[in-house]
>>> print(open('start.cif').read())   # mmCIF, C-alpha atoms
data_entry
loop_
_atom_site.group_PDB
_atom_site.id
_atom_site.type_symbol
_atom_site.label_atom_id
_atom_site.label_comp_id
_atom_site.auth_asym_id
_atom_site.auth_seq_id
_atom_site.Cartn_x
_atom_site.Cartn_y
_atom_site.Cartn_z
ATOM 1 C CA MET A 29 45.778 10.319 84.106
ATOM 2 C CA ALA A 30 43.870 11.548 81.078
ATOM 3 C CA TYR A 31 40.643 13.513 80.904
ATOM 4 C CA TRP A 32 37.600 12.950 78.718
ATOM 5 C CA LEU A 33 34.140 14.257 78.019
ATOM 6 C CA LEU A 34 31.394 11.671 77.446
ATOM 7 C CA LYS A 35 28.256 12.890 75.730
ATOM 8 C CA THR A 36 24.884 11.353 76.384
ATOM 9 C CA GLU A 37 21.325 12.279 75.537
ATOM 10 C CA PRO A 38 19.647 12.649 78.940
ATOM 11 C CA SER A 39 16.376 11.198 77.660
ATOM 12 C CA ALA A 40 18.265 7.990 76.797
ATOM 13 C CA TYR A 41 20.770 7.862 79.682
ATOM 14 C CA ALA A 42 21.218 10.735 82.106
ATOM 15 C CA TRP A 43 23.698 11.587 84.846
ATOM 16 C CA ASP A 44 21.067 10.556 87.393
ATOM 17 C CA ASP A 45 20.941 7.096 85.773
ATOM 18 C CA LEU A 46 24.696 6.708 86.263
ATOM 19 C CA VAL A 47 24.424 7.876 89.876
ATOM 20 C CA ARG A 48 21.636 5.354 90.532
ATOM 21 C CA GLU A 49 23.566 2.502 88.879
ATOM 22 C CA ASP A 50 26.958 3.637 90.298
ATOM 23 C CA THR A 51 28.840 1.936 87.435
ATOM 24 C CA THR A 52 27.851 1.344 83.829
ATOM 25 C CA ALA A 53 29.231 0.169 80.502
ATOM 26 C CA TRP A 54 29.510 3.191 78.185
ATOM 27 C CA THR A 55 28.009 1.478 75.147
ATOM 28 C CA GLY A 56 26.545 2.388 71.793
ATOM 29 C CA VAL A 57 29.429 4.482 70.484
ATOM 30 C CA SER A 58 29.937 3.870 66.766
ATOM 31 C CA ASN A 59 31.964 6.818 65.408
ATOM 32 C CA ALA A 60 35.511 5.734 64.497
ATOM 33 C CA GLN A 61 37.221 8.668 66.269
ATOM 34 C CA ALA A 62 35.078 8.177 69.386
ATOM 35 C CA GLN A 63 35.928 4.464 69.306
ATOM 36 C CA ALA A 64 39.649 5.324 69.140
ATOM 37 C CA ASN A 65 39.154 7.593 72.155
ATOM 38 C CA LEU A 66 37.421 4.781 74.075
ATOM 39 C CA ARG A 67 40.355 2.480 73.270
ATOM 40 C CA ALA A 68 42.777 5.104 74.604
ATOM 41 C CA MET A 69 41.057 5.342 77.986
ATOM 42 C CA GLN A 70 42.824 3.880 81.001
ATOM 43 C CA ALA A 71 41.505 2.870 84.407
ATOM 44 C CA GLY A 72 41.659 5.926 86.652
ATOM 45 C CA ASP A 73 41.084 8.439 83.849
ATOM 46 C CA HIS A 74 38.428 11.016 84.669
ATOM 47 C CA ALA A 75 35.478 11.924 82.463
ATOM 48 C CA VAL A 76 32.934 14.671 82.614
ATOM 49 C CA ILE A 77 29.413 13.580 81.718
ATOM 50 C CA TYR A 78 27.832 15.980 79.235
ATOM 51 C CA HIS A 79 24.104 16.105 78.451
ATOM 52 C CA SER A 80 24.083 16.730 74.710
ATOM 53 C CA GLY A 81 20.435 17.804 74.440
ATOM 54 C CA GLU A 82 20.888 20.322 77.246
ATOM 55 C CA LYS A 83 24.382 21.261 76.028
ATOM 56 C CA ARG A 84 25.895 21.234 79.491
ATOM 57 C CA ALA A 85 28.411 19.286 81.567
ATOM 58 C CA VAL A 86 26.809 17.877 84.697
ATOM 59 C CA GLY A 87 28.960 15.304 86.519
ATOM 60 C CA VAL A 88 32.278 13.533 86.929
ATOM 61 C CA ALA A 89 32.980 9.831 86.429
ATOM 62 C CA VAL A 90 36.071 7.668 86.536
ATOM 63 C CA VAL A 91 37.022 4.914 84.103
ATOM 64 C CA VAL A 92 37.072 1.610 86.006
ATOM 65 C CA ARG A 93 37.454 -0.859 83.119
ATOM 66 C CA THR A 94 39.346 -0.302 79.895
ATOM 67 C CA ALA A 95 38.002 -1.026 76.427
ATOM 68 C CA TYR A 96 36.330 -4.381 75.825
ATOM 69 C CA PRO A 97 33.878 -5.622 73.174
ATOM 70 C CA ASP A 98 30.608 -3.691 73.287
ATOM 71 C CA PRO A 99 27.805 -6.208 73.823
ATOM 72 C CA GLU A 100 25.491 -3.847 71.898
ATOM 73 C CA GLY A 101 27.694 -3.234 68.851
ATOM 74 C CA SER A 102 29.345 -5.335 66.217
ATOM 75 C CA GLY A 103 33.079 -4.793 66.316
ATOM 76 C CA THR A 104 32.902 -1.804 68.670
ATOM 77 C CA VAL A 105 34.210 -1.366 72.201
ATOM 78 C CA CYS A 106 32.925 0.170 75.419
ATOM 79 C CA VAL A 107 34.437 1.101 78.774
ATOM 80 C CA ASP A 108 33.003 0.954 82.276
ATOM 81 C CA VAL A 109 32.658 4.208 84.192
ATOM 82 C CA ARG A 110 31.678 4.887 87.795
ATOM 83 C CA ALA A 111 29.982 8.035 89.057
ATOM 84 C CA VAL A 112 32.221 10.218 91.221
ATOM 85 C CA GLY A 113 29.919 13.166 91.827
ATOM 86 C CA PRO A 114 28.096 16.072 90.272
ATOM 87 C CA LEU A 115 29.922 19.171 89.165
ATOM 88 C CA PRO A 116 29.404 22.035 91.657
ATOM 89 C CA ALA A 117 27.012 23.468 89.026
ATOM 90 C CA PRO A 118 26.159 22.426 85.467
ATOM 91 C CA VAL A 119 28.425 24.093 82.910
ATOM 92 C CA PRO A 120 26.723 25.163 79.680
ATOM 93 C CA LEU A 121 28.533 24.881 76.376
ATOM 94 C CA GLU A 122 28.188 28.648 75.976
ATOM 95 C CA ALA A 123 30.324 29.143 79.090
ATOM 96 C CA LEU A 124 33.050 26.858 77.729
ATOM 97 C CA LYS A 125 33.062 28.761 74.435
ATOM 98 C CA GLN A 126 34.124 31.835 76.442
ATOM 99 C CA GLU A 127 37.171 30.073 77.904
ATOM 100 C CA PRO A 128 40.414 30.630 75.954
ATOM 101 C CA THR A 129 41.630 27.100 76.787
ATOM 102 C CA PHE A 130 38.748 25.653 74.740
ATOM 103 C CA GLU A 131 39.710 27.530 71.581
ATOM 104 C CA GLY A 132 40.481 24.787 69.075
ATOM 105 C CA SER A 133 39.156 22.067 71.386
ATOM 106 C CA ALA A 134 37.684 18.934 69.826
ATOM 107 C CA LEU A 135 34.571 19.713 71.864
ATOM 108 C CA LEU A 136 34.031 22.865 69.816
ATOM 109 C CA ARG A 137 35.551 21.722 66.498
ATOM 110 C CA GLN A 138 33.817 18.329 66.359
ATOM 111 C CA GLY A 139 30.464 19.043 67.933
ATOM 112 C CA ARG A 140 28.997 15.623 67.141
ATOM 113 C CA LEU A 141 31.926 13.631 68.584
ATOM 114 C CA SER A 142 30.539 11.672 71.560
ATOM 115 C CA VAL A 143 33.839 10.861 73.301
ATOM 116 C CA VAL A 144 36.110 13.892 73.455
ATOM 117 C CA PRO A 145 39.614 14.142 74.927
ATOM 118 C CA LEU A 146 40.213 17.092 77.245
ATOM 119 C CA SER A 147 43.592 18.577 78.034
ATOM 120 C CA PRO A 148 44.515 19.030 81.702
ATOM 121 C CA ALA A 149 44.007 22.797 81.209
ATOM 122 C CA GLU A 150 40.540 22.254 79.708
ATOM 123 C CA TRP A 151 39.632 19.968 82.614
ATOM 124 C CA ARG A 152 40.898 22.493 85.169
ATOM 125 C CA ASP A 153 39.003 25.341 83.543
ATOM 126 C CA LEU A 154 35.773 23.351 83.150
ATOM 127 C CA VAL A 155 35.805 22.491 86.857
ATOM 128 C CA GLY A 156 36.764 26.074 87.672
ATOM 129 C CA VAL A 157 33.820 27.431 85.672
ATOM 130 C CA ALA A 158 31.512 25.005 87.500
ATOM 131 C CA GLU A 159 32.763 26.390 90.822
ATOM 132 C CA ILE A 160 32.266 29.996 89.697
ATOM 133 C CA ILE A 161 28.731 29.280 88.490
ATOM 134 C CA ALA A 162 27.938 27.505 91.769
ATOM 135 C CA LYS A 163 29.124 30.500 93.783
ATOM 136 C CA THR A 164 27.691 33.284 91.636
ATOM 137 C CA GLY A 165 24.887 31.786 89.546
ATOM 138 C CA GLY A 166 26.804 32.735 86.382
ATOM 139 C CA LEU A 167 30.056 34.069 85.087
ATOM 140 C CA ARG A 168 28.990 37.735 85.053
ATOM 141 C CA THR A 169 26.267 39.502 86.975
ATOM 142 C CA ASP A 170 24.507 40.499 83.749
ATOM 143 C CA GLU A 171 24.622 36.985 82.283
ATOM 144 C CA ARG A 172 23.336 34.037 84.278
ATOM 145 C CA PHE A 173 23.457 30.477 83.055
#
>>> encode(input="start.cif", output="structure tokens")
Amino acid sequence: MAYWLLKTEPSAYAWDDLVREDTTAWTGVSNAQAQANLRAMQAGDHAVIYHSGEKRAVGVAVVVRTAYPDPEGSGTVCVDVRAVGPLPAPVPLEALKQEPTFEGSALLRQGRLSVVPLSPAEWRDLVGVAEIIAKTGGLRTDERF
């Protein structure tokens, strides 16, 4: 299983939209590297849904259909994803920047990339940070997210 981060602008398509629809085609991706990442996705891979305008990870989805022609784009592909559930708490980008496993991550190096691969360690730490924030309201008592 591989791990991914899918960026979306919540005013265009938010986590709550995916939850309401249950499953959706992840369309409208045009960047060549993001397209290559969509093509690499396999059924069963997990993806965190990231609200780009809010700069925070909010939910978890699973890939249920591999790459196929995007009905919205000429020559591009999309995948189908299904909502799994919200993260225990939203994880702001600033929190991920503090995690050593994200040093050198495509998420931080290629900030505009809309489909980002995550290593198993990055996935584990992102979920772990979400759990810490849910329990404490932040990572440190003097800094709440």
>>> residues_around(input="start.cif", residues="Val47 of chain A", least_positions_apart="5", cutoff="10 Å", atoms="only C-alpha atoms", output="PyMOL selection string")
chain A and resi 42+52+87+89+110-114
>>> atom_distance(input="start.cif", atom1="atom CA of Asn59 of chain A", atom2="atom CA of Thr104 of chain A")
9.3 Å
>>> atom_distance(input="start.cif", atom1="atom CA of Trp54 of chain A", atom2="atom CA of His74 of chain A")
13.5 Å
>>> atom_distance(input="start.cif", atom1="atom CA of Val157 of chain A", atom2="atom CA of Val88 of chain A")
14.0 Å
>>> residues_near_point(input="start.cif", point="(31.4, 16.1, 79.7)", cutoff="8 Å", atoms="all atoms listed in the file", output="PyMOL selection string")
chain A and resi 32-35+75-79+84-88
>>> closest_residue(input="start.cif", among="A:Ser80, A:Gln61, A:Thr55, A:Thr164", to="Pro38 of chain A", atoms="all atoms listed in the file")
A:Ser80
>>> resolve_selection(input="start.cif", expression="the PyMOL selection byres ((chain A and resi 133) around 9)", output="list in words")
Thr129, Phe130, Glu131, Gly132, Ala134, Leu135, Leu136, Arg137, Gln138, Val144, Pro145, Leu146, Ser147 and Glu150 of chain A
>>> residues_around(input="start.cif", residues="Arg67 of chain A", least_positions_apart="4", cutoff="8 Å", atoms="all atoms listed in the file", output="list of chain:residue names")
A:Gln63, A:Thr94, A:Ala95, A:Val105
